[in-house]
Amino acid sequence: MASYRNITSAILLAGFVVAAAGLPCPANENELRLVPKPQQVQWSRAAPLEVENDKVAIVTGEKAQPPEQYAAEMLQAHVAKRFKQQWPILSESREHKKYQILILLGRRTTHQMLNRLCSEHHISLDARTPGHDGYIIEFLQVKNRSIIIIGGSNPRGVIYGQDTLFQMLTKSNGRLVLTQASIKDRPSIPWRGRPQTTFMNYLRPGDLDCHMESRINFIDLRNNIYAFEPGAELDKVNISKVIKEAHGRGLIVYGTVNCGVKAHEYPDVIGTFKEFICLGVDGLWISFDDKGPGEFPELIVNDVLDLGRQNGITGSRIAIAPPKGSYQNIITDFNRCIMAIPDMENALWFWTRWPSERSLQNARSIGLKCKPAWWHNWPRLYAHHSYIEPPSMAVGWHAPSYQTLADAGRYADAIMPWGGNAWGQYYVIPVIGWWGWNPKGHKWETTRQRIYDIVFGPGQVVKAMTFDDTLIRTKSLLRYSSPGDKWQPCCPVRLANLKDRQRVSDLIEKMKALLADLETRAPAETMLEVEQLETSYLQRMKAELQTFEIAAQMPYPEYWWEPQQRKVLKAIYDGDLIRADRLITGVRDKLLNDMARISDAGKHLRRIDDYVSWWNRRAILDAREWQAMLADRRKELTRRVWEYGYYVASPEDMLAPLKDPPLDWGSGRWQAGNRILATVLPTKREYAWGNWIGGLYRYRDLEAAVFAARRKSQAMVGEFSELELNLPVSSSGKRDKLALLFFVNSANKDKIGAEYTTARWAGYRFLELLWEDQLLWEADLGLSWDKGEWFMVNLPEIPEDIETLTLRLRVIDRKMLTVNHTIVFVGPIRLIERQE
């Protein structure tokens, strides 16, 4: 392996250092914030060692393996970068008497001097103590010299140990000192990985160094977001480079192949795995994932296991990502079938269920003998961001809190994140790697501090944290748009409420001041190469602030358009095209002028040209063109209903219960029955914005209102469609006894792959009934009904002077969502006078 300094242009991670004017002798671990927190620390009462340049040497064993040599070079480079001291690396056979402090890095089997001192001082260190990936740190006084042992249970343990020691170096009164402690540490979760969408990412400058600093111990090789396709031509030169660099750091490497294919491709699957083995991978990753189960998954899995056994690849060196539906849920037919294949019970099974007692028991129930593995998905951002703050674990799927995850070491054998490739890697990899090392001892704020220390420097931690905290507050005051289509544009980020314009502007000014300070001071303190600091962080922060400034200042029509559009539509529905044209022309110049301003100021924004073009086209429509647009919406609604009937649920079946309405709902004794005053459907007057289209539907003798969202699409908060409903109430003698009886049926995308997850869209979309702005009733459309539901809604007392009660029947999105589909039928609405 090439030397540490020559592997890449070394984007270095370092420890979070307490920069104190005078550091007291630590009495407990809180005085030095070690990240990740070691499992066992006994802080010494002895004074910290004063560390002078030319008085310290790093000593490696005669039989040091590449990861141990890498550990020495990493420590040497970090000390030089942060403290400007040059610590030589010497083999134990070299003369080192002139040095007052010796730092021994290695294992007992590779370092004779370290081994001898462990024996003489009764220090326990072997493959089982501290254990897998574990290390010890011990401070000894030998013949008036300080000797520090960093001993690993395996080669990776030496790398992780030097990282902890580096964090114990601090500046005190202008002097470099090393706090003394006895440390025994090992990970709570044995296997901690970081896959990349393409194997070439591992060759980016500093990428694998970031993995090691983050306590990662395995990677896998892919050439897209899923895996290598069977029979794909492998880039053997670069794959070999990745494997060599990974092995030089002690990383385990899996070859990943898509196994969710037809049976005739199975020979190619095995062929590609064989090529990976020849290139030197350590493990085989059986990938089904979103590609699906393929034709005969049990046959190809058995063949891969046979290949693995022939090459000594078994147990945790076999990994599997089940297909959609079976990676979200553990107890499925697919998982049972594959688990029954001999040796799969000891493989790493990656599910997206967070580590818990329930997940462990579910895995045990289908035959897994080891613990489950957790594939933690970071969210797919619905809007483009130039910069994003370090995401906590709770940002990902299932939003697990750190309290929920504290006992993960009891329930998981492996963890890995997915996503975040567009973010600075020092904001992503350490987040899960450090947590996975010691979930119970993990503190999110301390993790953030060390990340900022690495990226910006110890003196800039508070500023960087304040910047990101302010960023988070600012984003909470903004609104992001869906991708856009014929019915709405893809609006850039904008204010959620115009009343917050000054508040957002003030927050932006605060962040600009913080960023200016970081731009001035961070280059001298960062542990990254300055170019990486600039391109991956500072420039991105600046671009995000530019976007925020436009969000706060630009006159986006979305602030005022919906009421204006409602007026235009009402005039068209009333048949008054002259009034509609007058309303349209009254805002045309404003729209066009605003678009010119937005186009000029937002040149750097994604899809800004599409946005401006959409509004320019809308601005020049006249009333008849608006009529034609409404006709197009009705045609599209017809197409959507047909699609739902073909792919999701038959409208005839969904509406079948309309034939048997419960007209005696709540009537009690047989002597009195409900009085039906009217049976009506909504009008064709639709008002909408966004994904939804609403209208009327007729099938033979069945009639209903229907709302259909575009299938497999994104939707943002506030998108809606509503229909006007007119109820004649003049014939009612008891206006305090009125109620509405109606039928609702809806269908969602509850299926994930081959499995169903009931109510997974609960809380996202709602059906509402409104009288003016008063919400009379609502239903959660995420709760699909097998045969629909009948509802009885009591109305408030209706004033005597109202002859026709106009209500609004509306569907609305209350949460941002993607890939769902929803269709809603609302049967004829009966106005009932309740008998009591």
# chains A, B, ... in the order shown; residues from 1 in each chain; ligands from 1
$ select_by_dssp --residues "segment 358-578 of chain A" --states "strand (DSSP E or B)" --output "VMD selection string"
chain A and resid 373 to 377 414 to 418 478 to 479 494 to 495
$ write_last_selection --atoms "C-alpha atoms" --output "compact mmCIF listing (two decimals), in the first residue's frame"
# COMPACT_ATOMS: atom_id res chain seq x y z
CA ALA A 373 -28.28 -6.09 10.03
CA TRP A 374 -29.73 -2.59 9.66
CA TRP A 375 -29.78 -0.72 6.36
CA HIS A 376 -30.55 2.86 7.44
CA ASN A 377 -31.93 4.98 4.64
CA ALA A 414 -24.19 -4.83 11.26
CA ILE A 415 -25.27 -1.35 10.26
CA MET A 416 -24.84 0.82 7.20
CA PRO A 417 -26.36 4.02 5.81
CA TRP A 418 -27.67 4.63 2.33
CA LEU A 478 -39.65 28.08 3.97
CA ARG A 479 -41.69 25.98 1.59
CA ARG A 494 -40.06 30.37 -1.01
CA LEU A 495 -41.46 31.74 2.22
$ residues_around --residues "Ala363 of chain A" --least-positions-apart "6" --cutoff "8 Å" --atoms "only C-alpha atoms" --output "PyMOL selection string"
chain A and resi 330-331+371-372
$ residues_around --residues "Trp614 of chain A" --least-positions-apart "4" --cutoff "10 Å" --atoms "only C-alpha atoms" --output "list in words"
Gly484, Asp485, Lys486, Trp487, Gln488, Pro489, Cys490, Cys491, Met595, Ile608, Asp609, Asp610, Arg618 and Ala619 of chain A
$ closest_residue --among "A:Ala631, A:Ala406, A:Leu533, A:Ile676" --to "Ser188 of chain A" --atoms "only C-alpha atoms"
A:Ala406
$ closest_residue --among "A:Leu605, A:Leu105, A:Ala580, A:Ala762" --to "Tyr70 of chain A" --atoms "only C-alpha atoms"
A:Leu105
$ atom_distance --atom1 "atom CA of Pro796 of chain A" --atom2 "atom CA of Val824 of chain A"
25.5 Å
$ closest_residue --among "A:Ala623, A:Met816, A:Leu655, A:Leu781" --to "Ser713 of chain A" --atoms "only C-alpha atoms"
A:Met816
$ select_by_dssp --residues "segment 534-600 of chain A" --states "alpha helix (DSSP H)" --output "ChimeraX atom specification"
/A:539-553,561-573,577-600
$ write_last_selection --atoms "N, CA and C atoms" --output "compact mmCIF listing (two decimals), in the first residue's frame"
# COMPACT_ATOMS: atom_id res chain seq x y z
N GLN A 539 -18.28 26.83 -0.13
CA GLN A 539 -18.97 27.29 -1.34
C GLN A 539 -20.43 26.84 -1.34
N ARG A 540 -20.68 25.66 -0.85
CA ARG A 540 -22.05 25.15 -0.79
C ARG A 540 -22.89 25.95 0.21
N MET A 541 -22.28 26.31 1.32
CA MET A 541 -22.99 27.13 2.31
C MET A 541 -23.37 28.48 1.70
N LYS A 542 -22.44 29.04 0.96
CA LYS A 542 -22.70 30.33 0.32
C LYS A 542 -23.83 30.23 -0.70
N ALA A 543 -23.82 29.16 -1.49
CA ALA A 543 -24.87 28.97 -2.50
C ALA A 543 -26.23 28.78 -1.85
N GLU A 544 -26.28 28.07 -0.73
CA GLU A 544 -27.55 27.88 -0.04
C GLU A 544 -28.09 29.21 0.48
N LEU A 545 -27.21 30.06 0.98
CA LEU A 545 -27.65 31.37 1.45
C LEU A 545 -28.16 32.23 0.30
N GLN A 546 -27.55 32.11 -0.87
CA GLN A 546 -28.04 32.85 -2.04
C GLN A 546 -29.47 32.41 -2.38
N THR A 547 -29.72 31.12 -2.29
CA THR A 547 -31.07 30.60 -2.54
C THR A 547 -32.05 31.15 -1.50
N PHE A 548 -31.63 31.18 -0.24
CA PHE A 548 -32.50 31.69 0.81
C PHE A 548 -32.82 33.17 0.59
N GLU A 549 -31.81 33.94 0.15
CA GLU A 549 -32.05 35.36 -0.09
C GLU A 549 -33.10 35.56 -1.17
N ILE A 550 -33.03 34.77 -2.23
CA ILE A 550 -34.04 34.87 -3.28
C ILE A 550 -35.40 34.45 -2.74
N ALA A 551 -35.42 33.40 -1.90
CA ALA A 551 -36.68 32.95 -1.30
C ALA A 551 -37.32 34.07 -0.49
N ALA A 552 -36.51 34.84 0.21
CA ALA A 552 -37.05 35.90 1.07
C ALA A 552 -37.48 37.13 0.28
N GLN A 553 -36.88 37.38 -0.89
CA GLN A 553 -37.08 38.66 -1.58
C GLN A 553 -37.98 38.60 -2.80
N TRP A 561 -51.69 33.75 -5.81
CA TRP A 561 -52.37 33.28 -7.01
C TRP A 561 -53.64 32.48 -6.74
N GLU A 562 -53.67 31.65 -5.73
CA GLU A 562 -54.83 30.76 -5.54
C GLU A 562 -56.14 31.51 -5.38
N PRO A 563 -56.23 32.57 -4.56
CA PRO A 563 -57.49 33.34 -4.52
C PRO A 563 -57.83 33.99 -5.86
N GLN A 564 -56.80 34.48 -6.57
CA GLN A 564 -57.02 35.07 -7.89
C GLN A 564 -57.55 34.03 -8.86
N GLN A 565 -56.94 32.86 -8.85
CA GLN A 565 -57.39 31.78 -9.72
C GLN A 565 -58.83 31.39 -9.41
N ARG A 566 -59.19 31.39 -8.13
CA ARG A 566 -60.55 31.03 -7.73
C ARG A 566 -61.57 32.03 -8.32
N LYS A 567 -61.20 33.31 -8.32
CA LYS A 567 -62.09 34.32 -8.90
C LYS A 567 -62.28 34.10 -10.40
N VAL A 568 -61.17 33.80 -11.10
CA VAL A 568 -61.25 33.57 -12.53
C VAL A 568 -62.12 32.35 -12.82
N LEU A 569 -61.90 31.26 -12.07
CA LEU A 569 -62.68 30.05 -12.29
C LEU A 569 -64.15 30.28 -12.00
N LYS A 570 -64.46 31.02 -10.94
CA LYS A 570 -65.86 31.29 -10.63
C LYS A 570 -66.54 32.04 -11.77
N ALA A 571 -65.83 33.02 -12.34
CA ALA A 571 -66.41 33.76 -13.46
C ALA A 571 -66.65 32.83 -14.65
N ILE A 572 -65.72 31.92 -14.91
CA ILE A 572 -65.89 30.99 -16.03
C ILE A 572 -67.04 30.03 -15.76
N TYR A 573 -67.11 29.52 -14.52
CA TYR A 573 -68.21 28.61 -14.19
C TYR A 573 -69.56 29.33 -14.26
N LEU A 577 -67.52 35.20 -19.33
CA LEU A 577 -66.15 35.22 -19.86
C LEU A 577 -65.58 36.64 -19.90
N ILE A 578 -66.44 37.62 -20.01
CA ILE A 578 -65.95 39.01 -20.00
C ILE A 578 -65.33 39.33 -18.65
N ARG A 579 -66.02 38.94 -17.57
CA ARG A 579 -65.48 39.18 -16.23
C ARG A 579 -64.20 38.38 -16.02
N ALA A 580 -64.17 37.16 -16.55
CA ALA A 580 -62.97 36.34 -16.42
C ALA A 580 -61.79 36.99 -17.12
N ASP A 581 -62.00 37.50 -18.34
CA ASP A 581 -60.92 38.17 -19.07
C ASP A 581 -60.44 39.42 -18.35
N ARG A 582 -61.38 40.13 -17.75
CA ARG A 582 -61.00 41.34 -17.02
C ARG A 582 -60.11 40.97 -15.81
N LEU A 583 -60.47 39.90 -15.14
CA LEU A 583 -59.64 39.45 -14.00
C LEU A 583 -58.26 38.99 -14.47
N ILE A 584 -58.24 38.32 -15.61
CA ILE A 584 -56.96 37.81 -16.13
C ILE A 584 -56.05 38.96 -16.54
N THR A 585 -56.58 39.88 -17.32
CA THR A 585 -55.74 40.98 -17.80
C THR A 585 -55.32 41.91 -16.67
N GLY A 586 -56.11 41.92 -15.58
CA GLY A 586 -55.79 42.79 -14.46
C GLY A 586 -54.50 42.42 -13.75
N VAL A 587 -54.06 41.17 -13.89
CA VAL A 587 -52.81 40.76 -13.21
C VAL A 587 -51.74 40.33 -14.20
N ARG A 588 -52.05 40.42 -15.50
CA ARG A 588 -51.10 39.90 -16.51
C ARG A 588 -49.76 40.63 -16.45
N ASP A 589 -49.78 41.95 -16.45
CA ASP A 589 -48.52 42.71 -16.42
C ASP A 589 -47.72 42.41 -15.15
N LYS A 590 -48.44 42.30 -14.04
CA LYS A 590 -47.75 42.00 -12.78
C LYS A 590 -47.04 40.64 -12.88
N LEU A 591 -47.74 39.66 -13.41
CA LEU A 591 -47.14 38.33 -13.55
C LEU A 591 -45.90 38.38 -14.43
N LEU A 592 -46.02 39.00 -15.58
CA LEU A 592 -44.90 39.03 -16.52
C LEU A 592 -43.71 39.82 -15.95
N ASN A 593 -43.99 40.91 -15.29
CA ASN A 593 -42.91 41.70 -14.70
C ASN A 593 -42.23 40.94 -13.56
N ASP A 594 -43.04 40.26 -12.73
CA ASP A 594 -42.46 39.47 -11.64
C ASP A 594 -41.59 38.35 -12.19
N MET A 595 -42.04 37.72 -13.28
CA MET A 595 -41.25 36.64 -13.86
C MET A 595 -39.92 37.15 -14.42
N ALA A 596 -39.93 38.34 -14.99
CA ALA A 596 -38.68 38.91 -15.50
C ALA A 596 -37.70 39.15 -14.35
N ARG A 597 -38.21 39.63 -13.25
CA ARG A 597 -37.35 39.87 -12.08
C ARG A 597 -36.82 38.56 -11.51
N ILE A 598 -37.68 37.56 -11.40
CA ILE A 598 -37.27 36.27 -10.86
C ILE A 598 -36.26 35.59 -11.77
N SER A 599 -36.48 35.69 -13.09
CA SER A 599 -35.56 35.09 -14.05
C SER A 599 -34.18 35.69 -13.93
N ASP A 600 -34.11 36.98 -13.73
CA ASP A 600 -32.83 37.66 -13.65
C ASP A 600 -32.10 37.34 -12.35
$ closest_residue --among "A:Val281, A:Ile451, A:Gly396, A:Pro390" --to "Asp468 of chain A" --atoms "only C-alpha atoms"
A:Pro390
$ closest_atom_pairs --of "segment 754-836 of chain A" --to "segment 714-726 of chain A" --cutoff "7 Å" --atoms "only C-alpha atoms" --output "tab-separated table"
residue	atom	partner	partner_atom	distance
A:Thr804	CA	A:Asn726	CA	6.2
A:Leu805	CA	A:Asn726	CA	5.7
A:Thr806	CA	A:Asn726	CA	4.5
A:Leu807	CA	A:Leu725	CA	5.0
A:Arg808	CA	A:Glu724	CA	4.9
A:Leu809	CA	A:Leu723	CA	5.3
A:Arg810	CA	A:Glu722	CA	4.0
A:Val811	CA	A:Phe720	CA	5.5
A:Ile812	CA	A:Phe720	CA	4.3
A:Asp813	CA	A:Val717	CA	5.2
A:Arg814	CA	A:Val717	CA	4.9
A:Lys815	CA	A:Val717	CA	5.0
A:Met816	CA	A:Met716	CA	4.4
A:Leu817	CA	A:Ala715	CA	5.4
A:Thr818	CA	A:Gln714	CA	4.0
A:Val819	CA	A:Gln714	CA	6.2
$ closest_atom_pairs --of "segment 770-817 of chain A" --to "segment 656-664 of chain A" --cutoff "10 Å" --atoms "only C-alpha atoms" --output "CSV"
residue,atom,partner,partner_atom,distance
A:Lys787,CA,A:Pro657,CA,7.1
A:Gly788,CA,A:Pro657,CA,7.4
A:Glu789,CA,A:Pro657,CA,8.7
A:Trp790,CA,A:Pro662,CA,7.8
A:Phe791,CA,A:Pro662,CA,9.6
A:Met792,CA,A:Pro662,CA,9.8
$ residues_around --residues "segment 504-517 of chain A" --least-positions-apart "4" --cutoff "7 Å" --atoms "only C-alpha atoms" --output "PyMOL selection string"
chain A and resi 463+467+470+474+500+521+545+552
$ write_last_selection --atoms "C-alpha atoms" --output "JSON list (two decimals), in the first residue's frame"
[["chain", "number", "residue", "atom", "x", "y", "z"],
["A", 463, "LYS", "CA", -19.69, 29.32, 14.78],
["A", 467, "PHE", "CA", -24.69, 28.55, 11.44],
["A", 470, "THR", "CA", -29.81, 28.98, 12.26],
["A", 474, "THR", "CA", -34.65, 29.24, 8.52],
["A", 500, "ASP", "CA", -41.94, 35.94, 8.07],
["A", 521, "ARG", "CA", -10.47, 31.42, 9.76],
["A", 545, "LEU", "CA", -27.65, 31.37, 1.45],
["A", 552, "ALA", "CA", -37.05, 35.90, 1.07]]
$ closest_residue --among "A:Leu178, A:Arg145, A:Lys98, A:Gly690" --to "Ala46 of chain A" --atoms "only C-alpha atoms"
A:Leu178
$ residues_around --residues "Glu345 of chain A" --least-positions-apart "3" --cutoff "7 Å" --atoms "only C-alpha atoms" --output "PDB file with N, CA and C atoms, in the first residue's frame"
ATOM      1  N   MET A 339     -34.173 -18.047   4.029  1.00  0.00           N
ATOM      2  CA  MET A 339     -33.531 -18.372   5.297  1.00  0.00           C
ATOM      3  C   MET A 339     -33.407 -19.883   5.481  1.00  0.00           C
ATOM      4  N   PRO A 342     -29.506 -23.831   3.743  1.00  0.00           N
ATOM      5  CA  PRO A 342     -28.406 -24.007   4.693  1.00  0.00           C
ATOM      6  C   PRO A 342     -27.313 -22.952   4.516  1.00  0.00           C
ATOM      7  N   GLY A 367     -35.600 -18.071  11.552  1.00  0.00           N
ATOM      8  CA  GLY A 367     -34.433 -18.950  11.510  1.00  0.00           C
ATOM      9  C   GLY A 367     -33.074 -18.296  11.581  1.00  0.00           C
ATOM     10  N   LEU A 368     -32.969 -16.964  11.665  1.00  0.00           N
ATOM     11  CA  LEU A 368     -31.659 -16.314  11.718  1.00  0.00           C
ATOM     12  C   LEU A 368     -30.968 -16.641  13.039  1.00  0.00           C
ATOM     13  N   LYS A 369     -29.706 -17.059  12.967  1.00  0.00           N
ATOM     14  CA  LYS A 369     -28.967 -17.430  14.173  1.00  0.00           C
ATOM     15  C   LYS A 369     -28.094 -16.287  14.688  1.00  0.00           C
TER      16      LYS A 369
END
$ atom_distance --atom1 "atom CA of Asn794 of chain A" --atom2 "atom CA of Arg685 of chain A"
24.5 Å
$ atom_distance --atom1 "atom CA of Ala263 of chain A" --atom2 "atom CA of Glu295 of chain A"
5.8 Å
$ closest_residue --among "A:Leu518, A:Lys184, A:Cys337, A:Trp615" --to "Tyr452 of chain A" --atoms "only C-alpha atoms"
A:Leu518
